[in-house]
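Please read the structure below before turning to the comments.
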Amino acid sequence: MASMMQPQIILLKEGTDTSQGKPQLISNINAVMAVADVVRTTLGPRGMDKLIHDDKGNTTISNDGATIMKLLDIVHPGAKILVDIAKSQDSEVGDGTTTVVLLAGEFLREAKPFIEDGVHPQNLIRSFRTASFMAVEKIKELAVSIEGKSLDEKRSLLAKCAATTLSSKLIGGEKEFFAKMVVDAVISIGNDDRLNMIGIKKVPGGTMRDSFLVNGVAFKKTFSYAGFEQQPKKFLNPKILLLNIELELKSEKENAEIRLSDPLQYQSIVDAEWNIIYAKLDKCVQSGAKIVLSRLAIGDLATQYFADRDIFCAGRVAEDDLHRVAAATGSAVQTSVNNVIEEVLGSCEVFEEKQVGNERFNIFSGCPSGQTATIVLRGGADQFIEEAERSLHDAIMIVRRAMKNSTVVAGGGAIDMEISRYLWQHARNIAGKSQLFINAFAKALEVIPRQLCDNAGFDATDVLNKLRQKHALPSGEGSLYGVDINTGGISDSFANFVWEPAVVKINAINAATEAACLILSVDETVKNPKSESAQGEAGMMGRGRGGGAMRGGRGRGMRRR
């Protein structure tokens, strides 16, 4: 009786939504699988593209996993984890973003029946972590090093890694052309880690093959004043001065006040302003520079002044372009024209202004430090060029990674099948439930070759059976066999130069396992009703205010009835 009289204990606010236990876990798994199914068809050389239309009217065509995940605007808290792992894969390695999302979804798909049968999630998590560690160790063991090769050999090896990355992109038809360009660009910046040292400029028009690489810096002609056309447009071995100041007549700041006792003094003040700007321009000329670039405006007076003295100038140059010119030519950006010494001036072999499509480009080539490169991309539609830029970014990241972590593995699903076989064999020696969980992990890895077949329109069951048989050979000679996209059968991926850096696979398996374990470890979700209602009220108030303003506007001139 006493227990019946006890008051109910209320921990959370009224209206708080809590869902917990097995249904909550399965709901999270379903959400993750739904997101993985969205990007599933974009995997591989025959992957389809997604056209995403956002609320601002922008249209994006892409098959890059990270780009699609960012644009999907996912609201489910569990599924948002997939967006994070896709972003981390993109920033860390550059490629494999679709792979990492697909693997995480597949790990959870395999775990779902166990959860439904009442297996504790921690048992699954423990086995998945063990399997992930073993898979990574196996990848390191199978990886082939490209260290110690000559530069030409290394170039061709890196070009093959870049071509593998580009084969699944929109520009896959020209992968050899762009792979060589990407490798040249990455090698030209040397050991410099800064990605912004490789500029990508987009010029609509022409075909993809009209794209070209500048071993130096290229940027679009900036806004120019009268007198610009009289300036020389080509120099050999010019001195280059970079500034971060305005070279134009400036009106005084607000509320500036000058009191004159004699009207004749006014002319001296005007003259002083002109003398200041002329003194600045004189110092630029005396420095010996033939090219003057500034991040801020160079006015019409300065443009004409430089034109009369055969000096090229450009104002309002974008900051990243200015930094690239500084890195390439060995110059330093100056915030004053006083004391411009020889050391702060840069130089290059050739500077010229060239027509590219409908744009004029300023091109600096033959730079002494040579630590920059610019890829000028051509193509038909704007969306196409945007996607080409994203594809090249992935390829550049992959080549940089391959240069640093110089080990590669066979692509085309070969490495996934080999790890899967290895884990199946290892699981046989384990007594207990974890044997089933490691088998589930191994089966999930087969999603990569299976999806490659599905996306290319091949019979996945048939191809996977051939791959399993080949990888099961005791001699180990079949360990490099993967899906052959061209014939619909299987082939030696390594011999066909379908390579990818080992770091891509290692990162993908680690990130996907972490994401799967994280979702398996969540058993309760609590939603605060206040935050939801606050968002709703804000929306209602915004709509109400707008409506009221419109009604007020209409009603102000109307007579009251």
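Scheme for the structure tokens: letters A, B, ... for chains in order shown; per-chain residue numbers from 1; ligand numbers from 1 in order shown.
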
Contacts of Arg400 (chain A) at 8 Å or less, counting only C-alpha atoms, minus same-chain residues fewer than 4 places along, as a VMD selection string? chain A and resid 186 396 404

Please, which residues in region 146-226 of chain A fall within 8 Å of region 38-62 of chain A when counting only C-alpha atoms, and what is the closest atom pair and distance in Å to one decimal for each, ordered by chain then residue number, as CSV?
```
residue,atom,partner,partner_atom,distance
A:Ser167,CA,A:Pro45,CA,5.1
A:Ser168,CA,A:Pro45,CA,3.7
A:Lys169,CA,A:Pro45,CA,6.9
A:Leu170,CA,A:Ser62,CA,7.8
A:Gly172,CA,A:Pro45,CA,7.4
```

Kindly save the residues from that selection, with N, CA, C and O atoms included, as a PDB file, in the first residue's frame.
```
ATOM      1  N   SER A 167      38.977   7.938 -62.505  1.00  0.00           N
ATOM      2  CA  SER A 167      38.148   7.054 -63.345  1.00  0.00           C
ATOM      3  C   SER A 167      36.692   7.037 -62.895  1.00  0.00           C
ATOM      4  O   SER A 167      35.793   6.789 -63.688  1.00  0.00           O
ATOM      5  N   SER A 168      36.444   7.309 -61.608  1.00  0.00           N
ATOM      6  CA  SER A 168      35.059   7.278 -61.123  1.00  0.00           C
ATOM      7  C   SER A 168      34.394   8.652 -61.200  1.00  0.00           C
ATOM      8  O   SER A 168      33.267   8.815 -60.756  1.00  0.00           O
ATOM      9  N   LYS A 169      35.109   9.633 -61.757  1.00  0.00           N
ATOM     10  CA  LYS A 169      34.564  10.994 -61.783  1.00  0.00           C
ATOM     11  C   LYS A 169      33.972  11.318 -63.159  1.00  0.00           C
ATOM     12  O   LYS A 169      34.122  10.558 -64.114  1.00  0.00           O
ATOM     13  N   LEU A 170      33.382  12.503 -63.218  1.00  0.00           N
ATOM     14  CA  LEU A 170      32.750  12.951 -64.460  1.00  0.00           C
ATOM     15  C   LEU A 170      33.780  13.103 -65.583  1.00  0.00           C
ATOM     16  O   LEU A 170      33.460  12.949 -66.756  1.00  0.00           O
ATOM     17  N   GLY A 172      36.274  11.189 -66.109  1.00  0.00           N
ATOM     18  CA  GLY A 172      36.980   9.900 -66.233  1.00  0.00           C
ATOM     19  C   GLY A 172      37.406   9.588 -67.654  1.00  0.00           C
ATOM     20  O   GLY A 172      38.388   8.874 -67.875  1.00  0.00           O
TER      21      GLY A 172
END
```

All strand (DSSP E or B) positions in region 368-476 of chain A, as a VMD selection string: chain A and resid 373 to 379 407 to 410

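A straight line drawn from CA of Thr487 (chain A) to CA of Met417 (chain A) is 18.9 Å long.
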
Quick one: which region 94-209 of chain A residues come within 10 Å of region 410-414 of chain A, and what is the nearest atom pair for each with the distance in Å to one decimal, counting only C-alpha atoms, rows ordered by chain and ascending number, as CSV?
```
residue,atom,partner,partner_atom,distance
A:Leu142,CA,A:Ala410,CA,9.0
A:Ala143,CA,A:Ala410,CA,8.2
A:Val144,CA,A:Ala410,CA,9.0
A:Cys161,CA,A:Gly411,CA,9.5
A:Thr164,CA,A:Gly411,CA,8.0
A:Thr165,CA,A:Gly411,CA,9.9
```

May I have the residues within 7 Å of Leu108 (chain A) as a PyMOL selection string, using only C-alpha atoms and disregarding those fewer than 3 positions away in the same chain? chain A and resi 29+104-105+111-112+516

Just give me the gap between CA of Ala302 (chain A) and CA of Val340 (chain A) in Å, one decimal is fine. 17.7 Å
